[in-house]
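Notes follow once the structure below has been shown.
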Amino acid sequence: MTVHNLQPETATLLRGIFHRHEISWPDEIGLFGRLSEEISLQEVTSQGMAPLLFRILAKKTGDWPSGLLAGLRETALRQVAFELVLEVDLRRLLVAFAEIGVKPLLLKGTPLSHTLYPELGLRPRCDTDLLIPESARKKTAALMKRSGYHALHEANADYISSQMSYSKKIQGFFCSYDIHWQVSNCNRQFSRDFTDGRLFEDAVAIPSLGQNARTLNRVDALLFSCFHRAGHFAHSGDRLIWLYDIHLLCQTLTKRKSKNFFDKAKQLEIVTVCADAITVAQSWFDTVLSQPLESLLKEKAENEFSGILLESGRLGGIKQHAFLELKGMSSWRERFYFLFQNAFPPAEYMIWRYSPKNKAALPWLYVKRFAEGVYIFSRK
């Protein structure tokens with residue numbers, strides 16, 4: 001169960017805290033020897049777990065290294081400060097969306113921070129994700145520019161990415177937004193099926209972010225969290241904060257909602273993806289599961305092509321994501337455009353992606369990208 005950039009020593013420490021509530025700082029950990037304070041702080045922070053760990057340690061910190069505690073405290077306080085700045089900015093942005101007749105859905109970390117975690121600042125993330133109808137793309141782009149947000153890249157490459165990223169610096173913090181018109185970059189079929197299942201109609205309010213804030217209901221949030229984790233798995237393995245989201249979401253579902261989740265996972269053909277995500281989250285955080293969720297873990301799903309997302313390795317992941325996309329397309333014409341655009345993206349995308357020193361290098365970058373594609377799809 002690979003977690004990106006997490007050493008065995010830190011993993012052992014965190015498992016002890018979340019499984020057995022052993023929060024004493026160890027002199028030695030099993031076969032791995034002494035634990036590095038500096039490395040542990042870096043790893044816990046990169047996993048998004050620093051504020052949570054500091055909250056756990058707040059009542060019992062006597063034997064923990066003072067430097068590590070200070071680092072955790074600084075990270076936690078900075079996250080709270082960021083949350084306060086972001087909340088004001090997000091409220092303003094959602095009002096602006098309402099004024100142009102667009103009602104976005106908040107996805108991933110920001111809505112979970114406000115609806116799932118017990119305190120503000122416990123759910124770090126680098127941006128806020130918003131899902132809009134595809135028909136609102138032009139209005140949204142104009143709104144973001146008019147509101148002073150800088151587009152991180154602009155390219156008409158829908159078969160490569162179904163989102164645009166914007167950012168603005170406010171009081172020393174970057175308030176960044178990913179605007180999606182498709183819930184998943186790695187699978188159009190899942191995005192269509194998931195969105196068509198009354199996603200916007202069944203959304204729930206986020207009172208703490210004002211009357212214009214809405215997000216996925218708990219069942220849809222867990223389905224999306226499991227699929228989102230699978231979409232990144234091949235490239236970077238697991239990330240603990242994503243698994244902790246899944247852990248918390250599982251524990252909030254009633255038996256009826258757990259059954260609903262099971263049924264929807266079957267309909268979307270992602271039982272394998274969901275079962276794997278919940279199993280791994282439980283192994284880290286000792287998640288208590290309802291009977292329907294326990295049954296899902298035992299389900300042997302057949303003919304679920306989405307399971308290929310759980311294969312590790314960046315190059316293999318690119319190949320599997322492409323196969324999944326191609327399988328979900330309805331015509332050979334669409335498949336052709338997908339392959340062509342991925343092999344030969346627009347020039348502005350190539351400049352953003354590879355940052356050449358001058359445009360004269362573009363032909364060679366296209367040759368390089370095409371050769372890499374041939375290598376990826378020809379390897380076993």
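Chain lettering (A, B, ...) mirrors the order of the structure tokens, residue numbering begins at 1 for each chain separately, and ligand numbering begins at 1 in order of display.
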### Task
Determine, counting only C-alpha atoms, which protein, DNA and RNA residues have an atom within 9 Å of an atom of segment 265-282 of chain A; residues of the same chain fewer than 4 positions away are not included. Present the result as a PyMOL selection string.
chain A and resi 1+190+193-194+222-223+225-227+229-230+240+242-247+250+260-261+286-289+293+296-307+309-310
Could you write those residues out with N, CA and C atoms, as a compact mmCIF listing (two decimals), in the first residue's frame?
```txt
# COMPACT_ATOMS: atom_id res chain seq x y z
N MET A 1 0.86 -1.19 0.00
CA MET A 1 0.00 0.00 0.00
C MET A 1 0.89 1.24 0.00
N PHE A 190 -17.10 7.92 -17.02
CA PHE A 190 -17.46 8.08 -15.61
C PHE A 190 -18.05 9.47 -15.37
N ASP A 193 -21.66 9.62 -16.74
CA ASP A 193 -22.59 8.81 -15.95
C ASP A 193 -22.79 9.40 -14.56
N PHE A 194 -21.70 9.86 -13.95
CA PHE A 194 -21.76 10.41 -12.60
C PHE A 194 -22.57 11.70 -12.57
N LEU A 222 -18.27 10.47 -1.47
CA LEU A 222 -17.44 9.27 -1.26
C LEU A 222 -17.14 8.58 -2.58
N LEU A 223 -18.13 8.47 -3.45
CA LEU A 223 -17.89 7.89 -4.77
C LEU A 223 -16.80 8.68 -5.51
N SER A 225 -14.52 10.73 -4.23
CA SER A 225 -13.22 10.64 -3.55
C SER A 225 -12.50 9.35 -3.91
N CYS A 226 -13.24 8.26 -3.99
CA CYS A 226 -12.63 6.97 -4.34
C CYS A 226 -12.11 6.99 -5.78
N PHE A 227 -12.91 7.55 -6.70
CA PHE A 227 -12.49 7.58 -8.10
C PHE A 227 -11.34 8.57 -8.31
N ARG A 229 -9.03 9.35 -6.16
CA ARG A 229 -7.82 8.69 -5.65
C ARG A 229 -7.27 7.71 -6.70
N ALA A 230 -8.14 6.94 -7.34
CA ALA A 230 -7.70 5.99 -8.36
C ALA A 230 -7.09 6.71 -9.57
N LEU A 240 -2.13 10.55 2.07
CA LEU A 240 -2.85 10.25 3.30
C LEU A 240 -4.08 11.14 3.51
N TRP A 242 -6.09 12.28 1.31
CA TRP A 242 -7.19 11.75 0.50
C TRP A 242 -7.79 10.52 1.16
N LEU A 243 -6.95 9.67 1.72
CA LEU A 243 -7.45 8.48 2.43
C LEU A 243 -8.20 8.88 3.69
N TYR A 244 -7.76 9.95 4.35
CA TYR A 244 -8.46 10.40 5.55
C TYR A 244 -9.84 10.96 5.20
N ASP A 245 -9.96 11.63 4.05
CA ASP A 245 -11.27 12.06 3.57
C ASP A 245 -12.20 10.85 3.44
N ILE A 246 -11.70 9.80 2.82
CA ILE A 246 -12.50 8.60 2.60
C ILE A 246 -12.87 7.96 3.93
N HIS A 247 -11.93 7.93 4.86
CA HIS A 247 -12.18 7.41 6.21
C HIS A 247 -13.33 8.17 6.88
N CYS A 250 -16.78 7.58 5.09
CA CYS A 250 -17.34 6.25 5.40
C CYS A 250 -18.04 6.25 6.75
N ASN A 260 -27.02 2.77 -0.56
CA ASN A 260 -27.13 3.62 -1.75
C ASN A 260 -25.78 3.76 -2.43
N PHE A 261 -24.74 3.94 -1.62
CA PHE A 261 -23.38 4.05 -2.14
C PHE A 261 -22.99 2.77 -2.89
N ASP A 286 -8.13 2.72 10.75
CA ASP A 286 -8.99 1.83 11.55
C ASP A 286 -10.45 2.24 11.43
N THR A 287 -10.90 2.46 10.21
CA THR A 287 -12.25 2.93 9.94
C THR A 287 -13.30 1.90 10.36
N VAL A 288 -14.33 2.37 11.04
CA VAL A 288 -15.46 1.52 11.41
C VAL A 288 -16.48 1.58 10.27
N LEU A 289 -16.79 0.41 9.69
CA LEU A 289 -17.65 0.36 8.51
C LEU A 289 -19.01 -0.25 8.83
N LEU A 293 -21.06 -1.46 3.62
CA LEU A 293 -19.71 -1.18 3.17
C LEU A 293 -18.80 -2.39 3.36
N LEU A 296 -19.42 -4.52 0.43
CA LEU A 296 -18.77 -4.02 -0.78
C LEU A 296 -17.32 -4.49 -0.86
N LEU A 297 -16.64 -4.55 0.29
CA LEU A 297 -15.24 -4.98 0.30
C LEU A 297 -15.10 -6.44 -0.12
N LYS A 298 -16.16 -7.21 0.05
CA LYS A 298 -16.12 -8.63 -0.31
C LYS A 298 -16.63 -8.88 -1.71
N GLU A 299 -17.18 -7.86 -2.34
CA GLU A 299 -17.77 -8.01 -3.67
C GLU A 299 -16.68 -8.27 -4.71
N LYS A 300 -16.88 -9.28 -5.53
CA LYS A 300 -15.94 -9.57 -6.61
C LYS A 300 -16.56 -9.07 -7.91
N ALA A 301 -16.22 -7.84 -8.25
CA ALA A 301 -16.78 -7.23 -9.44
C ALA A 301 -16.13 -7.82 -10.70
N GLU A 302 -16.94 -8.07 -11.69
CA GLU A 302 -16.44 -8.62 -12.94
C GLU A 302 -16.62 -7.61 -14.07
N ASN A 303 -15.67 -7.64 -15.00
CA ASN A 303 -15.74 -6.80 -16.20
C ASN A 303 -15.76 -5.31 -15.87
N GLU A 304 -15.09 -4.92 -14.80
CA GLU A 304 -14.96 -3.49 -14.46
C GLU A 304 -13.63 -2.99 -15.00
N PHE A 305 -13.69 -2.32 -16.13
CA PHE A 305 -12.46 -1.85 -16.77
C PHE A 305 -11.76 -0.78 -15.96
N SER A 306 -12.52 -0.07 -15.11
CA SER A 306 -11.93 1.02 -14.32
C SER A 306 -10.87 0.52 -13.35
N GLY A 307 -10.85 -0.77 -13.05
CA GLY A 307 -9.85 -1.31 -12.13
C GLY A 307 -8.42 -1.14 -12.60
N LEU A 309 -7.04 1.45 -13.34
CA LEU A 309 -6.48 2.68 -12.77
C LEU A 309 -5.63 2.39 -11.53
N LEU A 310 -5.81 1.24 -10.92
CA LEU A 310 -5.10 0.93 -9.68
C LEU A 310 -3.74 0.30 -9.92
```
As a PyMOL selection string, which residues of segment 33-281 of chain A does DSSP assign to strand (DSSP E)? chain A and resi 105-107+128-131+150-151+163-170+173-180+204-205+214-215
Residues as selected, N, CA and C atoms, written as a CSV table (one decimal), in the first residue's frame, can you do that?
```
chain,number,residue,atom,x,y,z
A,105,LEU,N,-20.6,23.7,-8.4
A,105,LEU,CA,-20.5,22.8,-7.3
A,105,LEU,C,-19.0,22.8,-6.8
A,106,LEU,N,-18.9,22.9,-5.5
A,106,LEU,CA,-17.5,22.8,-4.9
A,106,LEU,C,-17.2,21.3,-4.7
A,107,LEU,N,-16.0,21.0,-5.1
A,107,LEU,CA,-15.5,19.6,-5.1
A,107,LEU,C,-14.3,19.5,-4.2
A,128,THR,N,-8.9,25.3,-4.8
A,128,THR,CA,-10.3,25.0,-4.6
A,128,THR,C,-10.9,24.6,-6.0
A,129,ASP,N,-11.6,23.5,-6.0
A,129,ASP,CA,-12.1,22.9,-7.2
A,129,ASP,C,-13.6,23.3,-7.4
A,130,LEU,N,-14.0,23.8,-8.5
A,130,LEU,CA,-15.4,24.1,-8.8
A,130,LEU,C,-15.8,23.4,-10.1
A,131,LEU,N,-17.0,22.8,-10.1
A,131,LEU,CA,-17.6,22.1,-11.2
A,131,LEU,C,-18.7,23.0,-11.8
A,150,HIS,N,-5.4,35.3,-12.5
A,150,HIS,CA,-4.5,35.0,-13.5
A,150,HIS,C,-4.6,33.6,-14.0
A,151,ALA,N,-4.9,33.3,-15.3
A,151,ALA,CA,-5.0,32.0,-15.8
A,151,ALA,C,-3.6,31.4,-15.9
A,163,GLN,N,-10.3,21.2,-17.6
A,163,GLN,CA,-10.3,22.2,-16.5
A,163,GLN,C,-9.4,23.4,-16.9
A,164,MET,N,-9.6,24.5,-16.2
A,164,MET,CA,-8.7,25.6,-16.3
A,164,MET,C,-8.4,26.1,-14.9
A,165,SER,N,-7.2,26.6,-14.7
A,165,SER,CA,-6.7,26.9,-13.4
A,165,SER,C,-6.4,28.4,-13.3
A,166,TYR,N,-6.9,29.1,-12.2
A,166,TYR,CA,-6.7,30.5,-12.0
A,166,TYR,C,-6.2,30.8,-10.6
A,167,SER,N,-5.5,31.9,-10.5
A,167,SER,CA,-4.9,32.2,-9.2
A,167,SER,C,-4.8,33.7,-9.0
A,168,LYS,N,-4.9,34.1,-7.7
A,168,LYS,CA,-4.7,35.5,-7.4
A,168,LYS,C,-4.1,35.6,-6.0
A,169,LYS,N,-3.1,36.5,-5.8
A,169,LYS,CA,-2.4,36.6,-4.5
A,169,LYS,C,-3.2,37.6,-3.7
A,170,ILE,N,-3.6,37.2,-2.5
A,170,ILE,CA,-4.4,38.0,-1.5
A,170,ILE,C,-3.7,37.9,-0.2
A,173,PHE,N,-1.2,35.2,0.4
A,173,PHE,CA,-1.7,33.8,0.1
A,173,PHE,C,-2.1,33.7,-1.4
A,174,PHE,N,-1.9,32.6,-2.0
A,174,PHE,CA,-2.4,32.4,-3.4
A,174,PHE,C,-3.7,31.7,-3.3
A,175,CYS,N,-4.8,32.4,-3.7
A,175,CYS,CA,-6.1,31.8,-3.8
A,175,CYS,C,-6.3,31.2,-5.2
A,176,SER,N,-6.2,29.9,-5.3
A,176,SER,CA,-6.2,29.3,-6.6
A,176,SER,C,-7.4,28.4,-6.8
A,177,TYR,N,-7.9,28.4,-8.0
A,177,TYR,CA,-9.2,27.7,-8.4
A,177,TYR,C,-9.0,26.9,-9.6
A,178,ASP,N,-9.4,25.6,-9.5
A,178,ASP,CA,-9.5,24.8,-10.7
A,178,ASP,C,-11.0,24.7,-11.1
A,179,ILE,N,-11.2,25.2,-12.3
A,179,ILE,CA,-12.6,25.2,-12.8
A,179,ILE,C,-12.8,24.0,-13.8
A,180,HIS,N,-13.6,23.1,-13.4
A,180,HIS,CA,-13.8,21.9,-14.1
A,180,HIS,C,-15.2,22.0,-14.8
A,204,VAL,N,-25.9,19.5,-1.9
A,204,VAL,CA,-26.3,20.0,-0.6
A,204,VAL,C,-25.6,21.4,-0.3
A,205,ALA,N,-26.2,22.2,0.5
A,205,ALA,CA,-25.7,23.5,0.8
A,205,ALA,C,-24.5,23.4,1.8
A,214,ARG,N,-22.6,25.2,-2.7
A,214,ARG,CA,-23.1,23.9,-2.7
A,214,ARG,C,-22.0,22.9,-3.0
A,215,THR,N,-22.3,21.6,-2.6
A,215,THR,CA,-21.3,20.6,-2.9
A,215,THR,C,-22.0,19.2,-3.0
```
Pick out the residues sitting within 9 Å of Asn187 of chain A, and hand them over as a PyMOL selection string; count only C-alpha atoms, and ignore anything fewer than 4 positions along from it in its own chain. chain A and resi 183+191-192+231+306+321-322+324-326+328
Margin query: From the options A:Gln189, A:Pro363, A:Leu41, A:Trp181, which residue's atoms come nearest to Lys327 of chain A, counting only C-alpha atoms?
Written below: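 Closest residue, counting only C-alpha atoms: A:Gln189.
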Within 8 Å of Asp220 of chain A, counting only C-alpha atoms, which residues qualify if same-chain residues fewer than 4 places away don't, as a tab-separated table (two decimals) with N, CA and C atoms, in the first residue's frame?
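Okay, this is what ended up in selection38.tsv:
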```tsv
chain	number	residue	atom	x	y	z
A	199	LEU	N	-26.48	14.76	-10.20
A	199	LEU	CA	-25.39	15.28	-9.38
A	199	LEU	C	-25.69	16.69	-8.88
A	216	LEU	N	-21.29	18.20	-3.24
A	216	LEU	CA	-21.85	16.86	-3.39
A	216	LEU	C	-22.43	16.36	-2.08
A	224	PHE	N	-16.94	10.00	-5.49
A	224	PHE	CA	-15.98	10.84	-6.20
A	224	PHE	C	-14.59	10.76	-5.56
A	261	PHE	N	-24.74	3.94	-1.62
A	261	PHE	CA	-23.38	4.05	-2.14
A	261	PHE	C	-22.99	2.77	-2.89
```
With distances taken over only C-alpha atoms, the candidate from A:Pro26, A:Pro292, A:Pro51, A:Gly172 nearest Ala70 of chain A is A:Pro51
request  = Compare A:Ile241, A:Val44, A:Ala141, A:Ile39 by their minimum atom-to-atom distance to Leu122 of chain A, counting only C-alpha atoms, and give me the closest one.
outcome  =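 For Leu122 of chain A, the nearest of the candidates is A:Ile241.
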task = Taking the chain letters and numbering used in this document, name the residues of segment 263-341 of chain A that DSSP puts in alpha helix (DSSP H), as JSON, numbers by chain.
result = {"A": [263, 264, 265, 266, 267, 268, 271, 272, 273, 274, 275, 276, 277, 278, 279, 280, 281, 282, 283, 284, 285, 291, 292, 293, 294, 295, 296, 297, 298, 314, 315, 316, 317, 318, 319, 320, 321, 322, 323, 324, 325, 326, 327, 328, 332, 333, 334, 335, 336, 337, 338, 339, 340, 341]}
Could the residues in this selection be written to a file with C-alpha atoms, as a PDB file, in the first residue's frame?
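File again_8.pdb, as written:
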```pdb
ATOM      1  CA  ASP A 263     -25.726   0.406  -5.491  1.00  0.00           C
ATOM      2  CA  LYS A 264     -24.303   3.504  -7.204  1.00  0.00           C
ATOM      3  CA  ALA A 265     -20.806   2.002  -7.281  1.00  0.00           C
ATOM      4  CA  LYS A 266     -22.261  -0.994  -9.109  1.00  0.00           C
ATOM      5  CA  GLN A 267     -24.124   1.217 -11.572  1.00  0.00           C
ATOM      6  CA  LEU A 268     -20.988   3.239 -12.304  1.00  0.00           C
ATOM      7  CA  VAL A 271     -16.890  -1.314  -7.171  1.00  0.00           C
ATOM      8  CA  THR A 272     -13.241  -2.428  -7.406  1.00  0.00           C
ATOM      9  CA  VAL A 273     -11.998   1.159  -7.242  1.00  0.00           C
ATOM     10  CA  CYS A 274     -14.200   1.956  -4.229  1.00  0.00           C
ATOM     11  CA  ALA A 275     -13.449  -1.269  -2.367  1.00  0.00           C
ATOM     12  CA  ASP A 276      -9.712  -0.746  -2.766  1.00  0.00           C
ATOM     13  CA  ALA A 277      -9.897   2.868  -1.563  1.00  0.00           C
ATOM     14  CA  ILE A 278     -11.951   1.963   1.519  1.00  0.00           C
ATOM     15  CA  THR A 279      -9.722  -1.029   2.337  1.00  0.00           C
ATOM     16  CA  VAL A 280      -6.570   1.094   2.225  1.00  0.00           C
ATOM     17  CA  ALA A 281      -8.168   3.915   4.232  1.00  0.00           C
ATOM     18  CA  GLN A 282      -9.278   1.405   6.860  1.00  0.00           C
ATOM     19  CA  SER A 283      -5.762  -0.041   7.062  1.00  0.00           C
ATOM     20  CA  TRP A 284      -4.416   3.410   7.924  1.00  0.00           C
ATOM     21  CA  PHE A 285      -7.142   4.853  10.127  1.00  0.00           C
ATOM     22  CA  GLN A 291     -22.539  -3.762   7.038  1.00  0.00           C
ATOM     23  CA  PRO A 292     -23.236  -2.567   3.439  1.00  0.00           C
ATOM     24  CA  LEU A 293     -19.709  -1.177   3.174  1.00  0.00           C
ATOM     25  CA  GLU A 294     -18.263  -4.406   4.604  1.00  0.00           C
ATOM     26  CA  SER A 295     -20.214  -6.264   1.916  1.00  0.00           C
ATOM     27  CA  LEU A 296     -18.768  -4.019  -0.776  1.00  0.00           C
ATOM     28  CA  LEU A 297     -15.241  -4.982   0.299  1.00  0.00           C
ATOM     29  CA  LYS A 298     -16.116  -8.627  -0.305  1.00  0.00           C
ATOM     30  CA  ARG A 314       3.545   6.621 -14.239  1.00  0.00           C
ATOM     31  CA  LEU A 315       4.032   5.330 -17.793  1.00  0.00           C
ATOM     32  CA  GLY A 316       1.639   2.452 -17.268  1.00  0.00           C
ATOM     33  CA  GLY A 317      -0.818   4.908 -15.750  1.00  0.00           C
ATOM     34  CA  ILE A 318      -0.761   7.122 -18.843  1.00  0.00           C
ATOM     35  CA  LYS A 319      -1.459   4.064 -20.994  1.00  0.00           C
ATOM     36  CA  GLN A 320      -4.277   2.774 -18.776  1.00  0.00           C
ATOM     37  CA  HIS A 321      -5.920   6.206 -18.549  1.00  0.00           C
ATOM     38  CA  ALA A 322      -5.862   6.455 -22.347  1.00  0.00           C
ATOM     39  CA  PHE A 323      -7.396   2.992 -22.748  1.00  0.00           C
ATOM     40  CA  LEU A 324     -10.122   3.896 -20.272  1.00  0.00           C
ATOM     41  CA  GLU A 325     -10.909   7.089 -22.166  1.00  0.00           C
ATOM     42  CA  LEU A 326     -10.970   5.338 -25.544  1.00  0.00           C
ATOM     43  CA  LYS A 327     -13.269   2.618 -24.236  1.00  0.00           C
ATOM     44  CA  GLY A 328     -15.795   5.187 -23.015  1.00  0.00           C
ATOM     45  CA  TRP A 332     -14.195   6.237 -33.874  1.00  0.00           C
ATOM     46  CA  ARG A 333     -14.218   9.899 -34.894  1.00  0.00           C
ATOM     47  CA  GLU A 334     -14.023  10.933 -31.241  1.00  0.00           C
ATOM     48  CA  ARG A 335     -11.261   8.375 -30.608  1.00  0.00           C
ATOM     49  CA  PHE A 336      -9.268   9.767 -33.539  1.00  0.00           C
ATOM     50  CA  TYR A 337      -9.500  13.330 -32.225  1.00  0.00           C
ATOM     51  CA  PHE A 338      -8.465  12.130 -28.758  1.00  0.00           C
ATOM     52  CA  LEU A 339      -5.348  10.360 -30.071  1.00  0.00           C
ATOM     53  CA  PHE A 340      -4.433  13.164 -32.461  1.00  0.00           C
ATOM     54  CA  GLN A 341      -4.758  15.941 -29.879  1.00  0.00           C
TER      55      GLN A 341
END
```
Here atom CA of Arg125 of chain A and atom CA of Phe200 of chain A stand apart by 23.4 Å
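With atom CA of Val95 of chain A on one side and atom CA of Asp158 of chain A on the other, the separation reads 27.5 Å.
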Discussion item. List as a ChimeraX atom specification the protein and nucleic acid residues near Thr45 of chain A, meaning an atom at most 10 Å away when only C-alpha atoms are counted, but skip any in the same chain fewer than 4 places from it.
Written reply: /A:39-41,49-51,53,71-72,75-76,124
Against segment 86-91 of chain A, which residues of segment 180-297 of chain A fall within 8 Å? For each one I want the closest pair of atoms and the distance in Å (one decimal), counting only C-alpha atoms, rows by chain and increasing residue number, as JSON lines.
```
{"residue": "A:Leu209", "atom": "CA", "partner": "A:Arg91", "partner_atom": "CA", "distance": 6.1}
{"residue": "A:Gly210", "atom": "CA", "partner": "A:Arg91", "partner_atom": "CA", "distance": 6.5}
{"residue": "A:Asn212", "atom": "CA", "partner": "A:Arg91", "partner_atom": "CA", "distance": 7.9}
{"residue": "A:Ala213", "atom": "CA", "partner": "A:Arg91", "partner_atom": "CA", "distance": 7.9}
```
Got time to write the residues from that selection, N, CA and C atoms, as a compact mmCIF listing (two decimals), in the first residue's frame?
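What follows is the written file out_11.txt:
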```txt
# COMPACT_ATOMS: atom_id res chain seq x y z
N LEU A 209 -20.27 28.84 4.05
CA LEU A 209 -19.70 29.58 2.93
C LEU A 209 -20.74 30.45 2.21
N GLY A 210 -21.90 30.62 2.82
CA GLY A 210 -22.90 31.51 2.25
C GLY A 210 -23.96 30.78 1.44
N ASN A 212 -24.72 30.76 -1.63
CA ASN A 212 -24.42 30.30 -2.99
C ASN A 212 -23.50 29.09 -3.03
N ALA A 213 -23.14 28.57 -1.87
CA ALA A 213 -22.18 27.46 -1.82
C ALA A 213 -22.90 26.12 -1.77
```
Would you compute the distance between atom CA of Gly373 of chain A and atom CA of Tyr349 of chain A? Give it in Å to one decimal.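 Atom CA of Tyr349 of chain A lies at a distance of 16.4 Å from atom CA of Gly373 of chain A.
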